[in-house]
Each structure stands twice: as C-alpha cells, then as structure tokens.
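Student: Handing over target14.txt, compact mmCIF, C-alpha atoms and all ligand atoms.
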# COMPACT_ATOMS: atom_id res chain seq x y z
CA MET E 1 111.09 94.98 51.64
CA THR E 2 112.66 98.31 52.60
CA VAL E 3 115.51 97.98 55.03
CA THR E 4 116.88 100.84 57.12
CA VAL E 5 120.65 101.10 56.95
CA GLY E 6 122.55 103.51 59.18
CA VAL E 7 125.82 105.15 58.22
CA LEU E 8 128.05 105.89 61.20
CA ALA E 9 128.44 109.66 60.89
CA LEU E 10 131.44 110.47 63.05
CA GLN E 11 133.99 110.79 60.22
CA GLY E 12 134.33 109.81 56.57
CA ASP E 13 132.25 109.73 53.40
CA VAL E 14 128.84 109.70 55.07
CA ARG E 15 126.92 111.41 52.26
CA GLU E 16 128.44 109.15 49.60
CA HIS E 17 127.48 105.99 51.50
CA VAL E 18 123.96 107.30 52.15
CA HIS E 19 123.64 108.03 48.44
CA ALA E 20 124.90 104.61 47.30
CA LEU E 21 122.61 102.80 49.76
CA THR E 22 119.65 104.88 48.60
CA VAL E 23 120.43 104.03 44.95
CA GLU E 24 120.29 100.36 45.99
CA GLY E 25 116.82 100.73 47.52
CA ALA E 26 117.62 101.03 51.22
CA HIS E 27 116.35 103.72 53.55
CA ALA E 28 119.70 105.20 54.57
CA VAL E 29 120.20 107.44 57.59
CA PRO E 30 123.20 108.91 59.40
CA VAL E 31 123.86 107.52 62.89
CA ARG E 32 125.45 109.67 65.57
CA ARG E 33 123.41 108.75 68.65
CA VAL E 34 122.21 105.58 70.35
CA ARG E 35 118.61 106.52 69.59
CA GLU E 36 119.50 106.58 65.87
CA LEU E 37 121.39 103.28 66.15
CA ASP E 38 118.34 101.68 67.74
CA ALA E 39 116.28 102.58 64.68
CA VAL E 40 118.45 100.87 62.03
CA ASP E 41 118.58 97.28 60.76
CA ALA E 42 122.25 97.50 59.79
CA LEU E 43 125.25 99.82 59.90
CA VAL E 44 127.91 101.03 57.47
CA ILE E 45 131.19 102.18 59.02
CA PRO E 46 132.96 104.51 56.55
CA GLY E 47 136.67 105.05 56.14
CA GLY E 48 138.60 107.79 57.88
CA GLU E 49 141.11 107.28 60.66
CA SER E 50 140.34 104.20 62.74
CA THR E 51 142.07 105.65 65.82
CA THR E 52 139.88 108.77 65.62
CA ILE E 53 136.67 106.85 64.95
CA ASP E 54 137.52 104.61 67.93
CA LYS E 55 137.85 107.72 70.16
CA LEU E 56 134.72 109.36 68.76
CA LEU E 57 132.68 106.17 69.28
CA ARG E 58 133.57 106.43 72.97
CA ALA E 59 133.00 110.20 73.14
CA PHE E 60 129.52 109.74 71.64
CA ASP E 61 128.78 106.78 73.98
CA LEU E 62 128.34 104.57 70.94
CA PHE E 63 131.16 102.06 71.32
CA ALA E 64 129.41 99.60 73.64
CA PRO E 65 125.97 99.95 72.01
CA VAL E 66 127.38 99.29 68.51
CA GLN E 67 129.36 96.33 69.85
CA GLU E 68 126.23 94.91 71.48
CA ARG E 69 124.26 95.21 68.26
CA LEU E 70 127.07 93.49 66.35
CA ARG E 71 127.16 90.66 68.88
CA ALA E 72 123.39 90.33 68.51
CA GLY E 73 123.82 89.79 64.76
CA MET E 74 123.32 93.23 63.23
CA PRO E 75 124.71 93.25 59.65
CA ALA E 76 127.53 95.72 59.13
CA TYR E 77 129.76 96.82 56.29
CA GLY E 78 133.13 98.43 57.02
CA SER E 79 135.26 100.19 54.42
CA CYS E 80 138.95 100.86 55.09
CA ALA E 81 139.04 102.31 58.65
CA GLY E 82 135.62 100.64 59.01
CA MET E 83 137.27 97.33 58.15
CA ILE E 84 139.82 97.93 60.92
CA LEU E 85 137.03 98.66 63.41
CA LEU E 86 135.18 95.44 62.53
CA ALA E 87 138.33 93.29 62.71
CA ASP E 88 138.96 91.17 65.80
CA ARG E 89 142.71 91.98 65.73
CA VAL E 90 144.76 94.91 64.44
CA LEU E 91 148.49 95.28 63.75
CA GLY E 92 150.17 98.66 63.48
CA GLY E 93 147.56 100.31 65.68
CA ILE E 94 148.38 102.98 68.21
CA GLU E 95 148.70 102.32 71.92
CA GLY E 96 145.31 101.51 73.37
CA GLN E 97 143.53 101.34 70.02
CA GLN E 98 140.50 99.10 70.28
CA THR E 99 138.22 97.62 67.70
CA LEU E 100 134.56 96.75 67.83
CA GLY E 101 135.43 93.37 66.38
CA GLY E 102 133.16 90.78 64.83
CA VAL E 103 135.21 89.56 61.87
CA ASP E 104 137.75 86.84 62.68
CA VAL E 105 140.69 88.49 60.92
CA THR E 106 143.92 90.27 61.72
CA VAL E 107 144.30 93.48 59.72
CA ARG E 108 147.40 95.56 59.27
CA ARG E 109 146.92 99.33 59.22
CA ASN E 110 148.54 101.40 56.45
CA ALA E 111 149.78 98.12 55.07
CA PHE E 112 150.54 98.93 51.46
CA GLY E 113 153.54 101.11 52.28
CA ARG E 114 154.86 104.22 50.60
CA GLN E 115 155.16 102.93 47.03
CA VAL E 116 151.52 101.98 46.82
CA ASP E 117 150.19 104.13 49.66
CA SER E 118 147.14 105.08 47.66
CA PHE E 119 146.29 103.30 44.42
CA GLU E 120 143.48 102.05 42.25
CA THR E 121 143.02 98.67 40.64
CA ASP E 122 140.32 96.43 39.23
CA LEU E 123 139.38 93.31 41.14
CA ALA E 124 136.54 90.84 41.52
CA VAL E 125 134.56 90.42 44.74
CA GLU E 126 132.60 87.23 45.33
CA GLY E 127 128.91 88.13 45.39
CA VAL E 128 129.38 91.19 43.17
CA GLU E 129 128.10 90.42 39.69
CA ASP E 130 128.75 91.79 36.20
CA GLY E 131 132.53 91.93 36.25
CA PRO E 132 135.35 93.46 38.24
CA LEU E 133 135.09 96.52 40.44
CA HIS E 134 137.32 99.56 40.30
CA ALA E 135 138.80 99.55 43.80
CA VAL E 136 140.23 102.75 45.33
CA PHE E 137 142.70 102.28 48.21
CA ILE E 138 143.60 105.24 50.45
CA ARG E 139 146.21 104.43 53.12
CA ALA E 140 144.37 101.17 53.39
CA PRO E 141 144.75 98.13 55.62
CA TRP E 142 145.07 94.62 54.29
CA VAL E 143 143.99 91.39 55.92
CA GLU E 144 146.98 89.48 57.16
CA GLU E 145 145.33 86.47 58.80
CA VAL E 146 141.91 84.95 58.32
CA GLY E 147 140.37 82.79 61.03
CA PRO E 148 138.12 79.81 60.28
CA ALA E 149 134.88 81.77 60.68
CA ALA E 150 135.73 84.34 58.01
CA ARG E 151 135.77 83.94 54.23
CA VAL E 152 138.02 85.75 51.78
CA VAL E 153 135.88 87.31 49.03
CA GLY E 154 138.39 89.59 47.29
CA ARG E 155 142.09 89.99 46.65
CA VAL E 156 144.31 92.43 44.78
CA GLU E 157 144.81 90.78 41.40
CA SER E 158 147.82 92.55 39.92
CA GLY E 159 150.74 94.85 40.69
CA PRO E 160 153.10 94.80 43.68
CA ALA E 161 150.34 93.93 46.15
CA ALA E 162 148.89 91.06 44.09
CA GLY E 163 147.39 88.34 46.26
CA ARG E 164 146.73 90.57 49.26
CA ILE E 165 143.34 89.97 50.87
CA VAL E 166 141.16 93.07 50.69
CA ALA E 167 137.58 91.83 51.09
CA VAL E 168 136.19 89.41 53.68
CA ARG E 169 132.74 88.21 54.65
CA GLN E 170 131.64 86.61 57.87
CA GLY E 171 127.90 85.95 58.05
CA PRO E 172 126.17 89.36 57.94
CA LEU E 173 129.49 91.24 58.22
CA LEU E 174 131.32 92.51 55.14
CA VAL E 175 134.62 94.41 55.10
CA THR E 176 136.69 95.88 52.28
CA SER E 177 140.05 97.65 52.36
CA PHE E 178 138.91 99.91 49.53
CA HIS E 179 136.36 102.72 49.19
CA PRO E 180 133.48 101.77 46.87
CA GLU E 181 131.59 104.97 47.71
CA VAL E 182 133.93 107.17 45.67
CA THR E 183 133.50 105.47 42.29
CA GLY E 184 129.79 105.81 41.53
CA ASP E 185 129.62 102.00 41.21
CA THR E 186 127.12 100.90 43.85
CA ARG E 187 127.50 97.11 43.50
CA VAL E 188 129.24 96.61 46.86
CA HIS E 189 126.37 98.50 48.51
CA ARG E 190 123.95 96.30 46.51
CA LEU E 191 125.63 93.21 47.94
CA PHE E 192 125.40 94.65 51.45
CA VAL E 193 121.72 95.59 51.07
CA GLU E 194 121.08 92.00 49.91
CA ILE E 195 122.87 90.72 53.04
CA VAL E 196 120.68 92.99 55.18
CA ARG E 197 117.49 91.79 53.43
CA GLU E 198 118.51 88.14 53.91
CA SER E 199 119.15 88.77 57.60
CA GLN E 200 115.60 90.08 57.93
CA GLY E 201 114.32 86.69 56.68
N1 LIG D 301 144.82 104.62 57.47
C1 LIG D 301 143.52 104.69 58.08
C2 LIG D 301 143.49 103.96 59.42
O1 LIG D 301 144.40 103.29 59.76
C3 LIG D 301 142.45 104.14 57.17
C4 LIG D 301 142.37 104.97 55.91
C5 LIG D 301 141.01 105.05 55.31
O2 LIG D 301 139.99 104.73 55.93
N2 LIG D 301 140.96 105.54 54.09
O3 LIG D 301 142.56 104.05 60.14
Would you mind writing the file out in structure tokens?
Tutor:
Amino acid sequence: MTVTVGVLALQGDVREHVHALTVEGAHAVPVRRVRELDAVDALVIPGGESTTIDKLLRAFDLFAPVQERLRAGMPAYGSCAGMILLADRVLGGIEGQQTLGGVDVTVRRNAFGRQVDSFETDLAVEGVEDGPLHAVFIRAPWVEEVGPAARVVGRVESGPAAGRIVAVRQGPLLVTSFHPEVTGDTRVHRLFVEIVRESQG
C-alpha cells in the first residue's frame, strides 16, 4: 500500500525528509497549504526553530487545521523543533509560544547546554532494527517528563547526557530530539512509514 506523507515545508530539512520517506516507499510531498494538508495521510514536522515554525503555522493558517488532523488521529513524526511542536508542554519557550500538542510529554528547549550544544552519538530506538542509529543533535530539546499515555523509545546512552530521553512514541505519533534526515540512514523514516501503514489498517 502506498501512503502519502506530507512534510511541513515552512522551515527545515524538507528535501531531506522527502527523500528519506521516498526511499522508504512513501509518496512524500511538501505541505504549505491546507489543501495540501488535506491530501496527506500523515505529516512530518522537520527541525528548525520551534518559535518560528509556530508563527509560520499561524501565518499560513495551518495551525488549527494541523491540530485538528492530529486530534483526529493523523500520524505525525516530529524531529527536534518538530518534537517541541508535538509536545503537550514546553519549558524554556518564549513568551506566548504554543505547541500543536498530541504527545503527553514536557520537553525542554535547547536542553543540552553549551558543552554539548550540538553533538552526535549512537543510540538504539525501540522499533528500529539492525542496530544503533547515529543520532545528530543540533540545539536539541530533551524530554523532561513523560505522561502515562506516552512511551519512551530512545535515550542517550553515553557521555554527559546519558539517560536523557530523546525519542518517544504515543500511538501514531513519534518524536525524536535528533535529526535522522542528515545521516543517510532512513530507518527512523521506515519506522514512521510502518506506523502510517498500520494506521491505514
Ligand atoms: N533549538 C530549536 C528550538 O528550540 C530546535 C533546534 C532544531 O530543530 N535543530 O526550536
């Protein structure tokens, strides 16, 4: 079954996500308008600056429509700033910053601090097969609290941030603090495409 997966195209690595999704057998399309959102089965929200994406979602009249689709069960994958946007609660946000929500977690923006502001490490994600992933973190959030509805599927495994939660799943929603689209390893996108296929029955 071919699923159509949109990539929110307001900011971030849109081309890279479209490419990875295509490698994994999805029909991948950029989404910038409601009409385009209406045509997709699922949505990827790339990294960037969550405060900017929040503002652009409103400017493009997409905030409420995306939120409605999420509430109706649309699968979504958020990377980095995308994770922040899919989180129910955010710490370290700017005044008035809102999230779309959906995942019962509290995330902290720019959480890793100066020492490990941007870093790379190998870690395992539940549902991703054939060994650890190379995870690239760029001014990333971490997950500080996980509510009962959400499930931790990945943590930093070594170094100063060892133990920090960086991947969470809640039903058809998947979020990671890191950027899988920059490594050429498409296994996180494979997992997401599987989630989308399952949601289609
Ligand atoms: N620091 C950004 C934010 O708070 C996220 C960075 C990223 O997406 N690479 O929105």
Student: Figure out the distance between atom CA of Arg89 of chain E and atom CA of Gly102 of chain E, please, to one decimal in Å.
Tutor: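 Rounded to one decimal, the two atoms are 9.7 Å apart.
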Student: List all protein, DNA and RNA residues that have an atom no more than 12 Å from any atom of ligand LIG 301 (chain D), counting only C-alpha atoms and all ligand atoms, and report them as number ranges by chain.
Tutor: E: 11-13, 45-55, 78-87, 90-94, 97-99, 107-113, 117-119, 136-142, 175-182
Student: Distance atom CA of Val31 of chain E-atom CA of Pro65 of chain E, one decimal place?
Tutor: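 Answer for the atom CA of Val31 of chain E to atom CA of Pro65 of chain E separation: 12.0 Å.
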Student: With distances taken over only C-alpha atoms, which of E:Gln67, E:Thr186, E:Thr106, E:Gln170 is nearest to Val128 of chain E?
Tutor: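 Checking each candidate against Val128 of chain E, we get E:Thr186 as the closest.
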Student: Taking into account all atoms listed in the file, which residue in the set E:Ala72, E:Leu100, E:Ala162, E:Val168 is nearest to Glu126 of chain E?
Tutor: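 Smallest separation from Glu126 of chain E among the options: E:Val168.
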Student: Kindly indicate which residue among E:Val188, E:Ala64, E:Ala149, E:Val29 lies nearest to Asp88 of chain E, using only C-alpha atoms for the distances.
Tutor: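 Between E:Val188, E:Ala64, E:Ala149, E:Val29, the residue approaching Asp88 of chain E most closely is E:Ala149.
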Student: Complete segment 91-102 of chain E with all heavy atoms (output as a PDB file, keeping the file's coordinate frame).
Tutor:
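The resulting file, rebuild-v4.pdb, is reproduced below:
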ATOM      1  N   LEU E  91     147.044  95.082  63.670  1.00  0.00           N
ATOM      2  CA  LEU E  91     148.490  95.280  63.750  1.00  0.00           C
ATOM      3  C   LEU E  91     148.798  96.696  63.277  1.00  0.00           C
ATOM      4  O   LEU E  91     148.148  97.199  62.353  1.00  0.00           O
ATOM      5  CB  LEU E  91     149.223  94.284  62.842  1.00  0.00           C
ATOM      6  CG  LEU E  91     149.029  92.805  63.172  1.00  0.00           C
ATOM      7  CD1 LEU E  91     149.651  91.934  62.076  1.00  0.00           C
ATOM      8  CD2 LEU E  91     149.648  92.485  64.520  1.00  0.00           C
ATOM      9  N   GLY E  92     149.803  97.307  63.910  1.00  0.00           N
ATOM     10  CA  GLY E  92     150.170  98.660  63.480  1.00  0.00           C
ATOM     11  C   GLY E  92     149.226  99.709  64.032  1.00  0.00           C
ATOM     12  O   GLY E  92     149.190 100.841  63.553  1.00  0.00           O
ATOM     13  N   GLY E  93     148.464  99.343  65.040  1.00  0.00           N
ATOM     14  CA  GLY E  93     147.560 100.310  65.680  1.00  0.00           C
ATOM     15  C   GLY E  93     148.346 101.175  66.648  1.00  0.00           C
ATOM     16  O   GLY E  93     149.516 100.925  66.902  1.00  0.00           O
ATOM     17  N   ILE E  94     147.705 102.183  67.177  1.00  0.00           N
ATOM     18  CA  ILE E  94     148.380 102.980  68.210  1.00  0.00           C
ATOM     19  C   ILE E  94     148.071 102.358  69.572  1.00  0.00           C
ATOM     20  O   ILE E  94     147.144 101.570  69.710  1.00  0.00           O
ATOM     21  CB  ILE E  94     147.949 104.463  68.183  1.00  0.00           C
ATOM     22  CG1 ILE E  94     146.450 104.608  68.455  1.00  0.00           C
ATOM     23  CG2 ILE E  94     148.333 105.103  66.862  1.00  0.00           C
ATOM     24  CD1 ILE E  94     146.045 105.997  68.882  1.00  0.00           C
ATOM     25  N   GLU E  95     148.879 102.744  70.537  1.00  0.00           N
ATOM     26  CA  GLU E  95     148.700 102.320  71.920  1.00  0.00           C
ATOM     27  C   GLU E  95     147.243 102.491  72.350  1.00  0.00           C
ATOM     28  O   GLU E  95     146.690 103.579  72.215  1.00  0.00           O
ATOM     29  CB  GLU E  95     149.615 103.229  72.772  1.00  0.00           C
ATOM     30  CG  GLU E  95     149.566 103.001  74.246  1.00  0.00           C
ATOM     31  CD  GLU E  95     150.565 101.923  74.663  1.00  0.00           C
ATOM     32  OE1 GLU E  95     151.593 101.795  73.976  1.00  0.00           O
ATOM     33  OE2 GLU E  95     150.288 101.230  75.659  1.00  0.00           O
ATOM     34  N   GLY E  96     146.667 101.416  72.826  1.00  0.00           N
ATOM     35  CA  GLY E  96     145.310 101.510  73.370  1.00  0.00           C
ATOM     36  C   GLY E  96     144.198 101.470  72.326  1.00  0.00           C
ATOM     37  O   GLY E  96     143.029 101.532  72.674  1.00  0.00           O
ATOM     38  N   GLN E  97     144.572 101.376  71.056  1.00  0.00           N
ATOM     39  CA  GLN E  97     143.530 101.340  70.020  1.00  0.00           C
ATOM     40  C   GLN E  97     142.693 100.071  70.157  1.00  0.00           C
ATOM     41  O   GLN E  97     143.228  98.968  70.255  1.00  0.00           O
ATOM     42  CB  GLN E  97     144.177 101.368  68.618  1.00  0.00           C
ATOM     43  CG  GLN E  97     143.127 101.321  67.507  1.00  0.00           C
ATOM     44  CD  GLN E  97     143.712 101.570  66.127  1.00  0.00           C
ATOM     45  OE1 GLN E  97     144.915 101.754  65.960  1.00  0.00           O
ATOM     46  NE2 GLN E  97     142.846 101.580  65.116  1.00  0.00           N
ATOM     47  N   GLN E  98     141.394 100.253  70.184  1.00  0.00           N
ATOM     48  CA  GLN E  98     140.500  99.100  70.280  1.00  0.00           C
ATOM     49  C   GLN E  98     139.656  98.991  69.036  1.00  0.00           C
ATOM     50  O   GLN E  98     139.460  99.974  68.329  1.00  0.00           O
ATOM     51  CB  GLN E  98     139.591  99.245  71.494  1.00  0.00           C
ATOM     52  CG  GLN E  98     140.316  98.993  72.806  1.00  0.00           C
ATOM     53  CD  GLN E  98     139.372  99.111  73.986  1.00  0.00           C
ATOM     54  OE1 GLN E  98     138.250  98.621  73.958  1.00  0.00           O
ATOM     55  NE2 GLN E  98     139.820  99.774  75.022  1.00  0.00           N
ATOM     56  N   THR E  99     139.163  97.787  68.797  1.00  0.00           N
ATOM     57  CA  THR E  99     138.220  97.620  67.700  1.00  0.00           C
ATOM     58  C   THR E  99     136.902  97.104  68.248  1.00  0.00           C
ATOM     59  O   THR E  99     136.860  96.529  69.336  1.00  0.00           O
ATOM     60  CB  THR E  99     138.750  96.628  66.631  1.00  0.00           C
ATOM     61  OG1 THR E  99     138.764  95.305  67.193  1.00  0.00           O
ATOM     62  CG2 THR E  99     140.152  97.005  66.162  1.00  0.00           C
ATOM     63  N   LEU E 100     135.859  97.306  67.471  1.00  0.00           N
ATOM     64  CA  LEU E 100     134.560  96.750  67.830  1.00  0.00           C
ATOM     65  C   LEU E 100     134.609  95.238  67.687  1.00  0.00           C
ATOM     66  O   LEU E 100     134.038  94.495  68.460  1.00  0.00           O
ATOM     67  CB  LEU E 100     133.479  97.315  66.899  1.00  0.00           C
ATOM     68  CG  LEU E 100     133.252  98.824  66.989  1.00  0.00           C
ATOM     69  CD1 LEU E 100     132.577  99.327  65.723  1.00  0.00           C
ATOM     70  CD2 LEU E 100     132.413  99.156  68.218  1.00  0.00           C
ATOM     71  N   GLY E 101     135.286  94.794  66.647  1.00  0.00           N
ATOM     72  CA  GLY E 101     135.430  93.370  66.380  1.00  0.00           C
ATOM     73  C   GLY E 101     134.199  92.779  65.724  1.00  0.00           C
ATOM     74  O   GLY E 101     133.208  93.471  65.455  1.00  0.00           O
ATOM     75  N   GLY E 102     134.274  91.492  65.469  1.00  0.00           N
ATOM     76  CA  GLY E 102     133.160  90.780  64.830  1.00  0.00           C
ATOM     77  C   GLY E 102     133.651  89.880  63.703  1.00  0.00           C
ATOM     78  O   GLY E 102     133.129  88.797  63.481  1.00  0.00           O
TER      79      GLY E 102
END
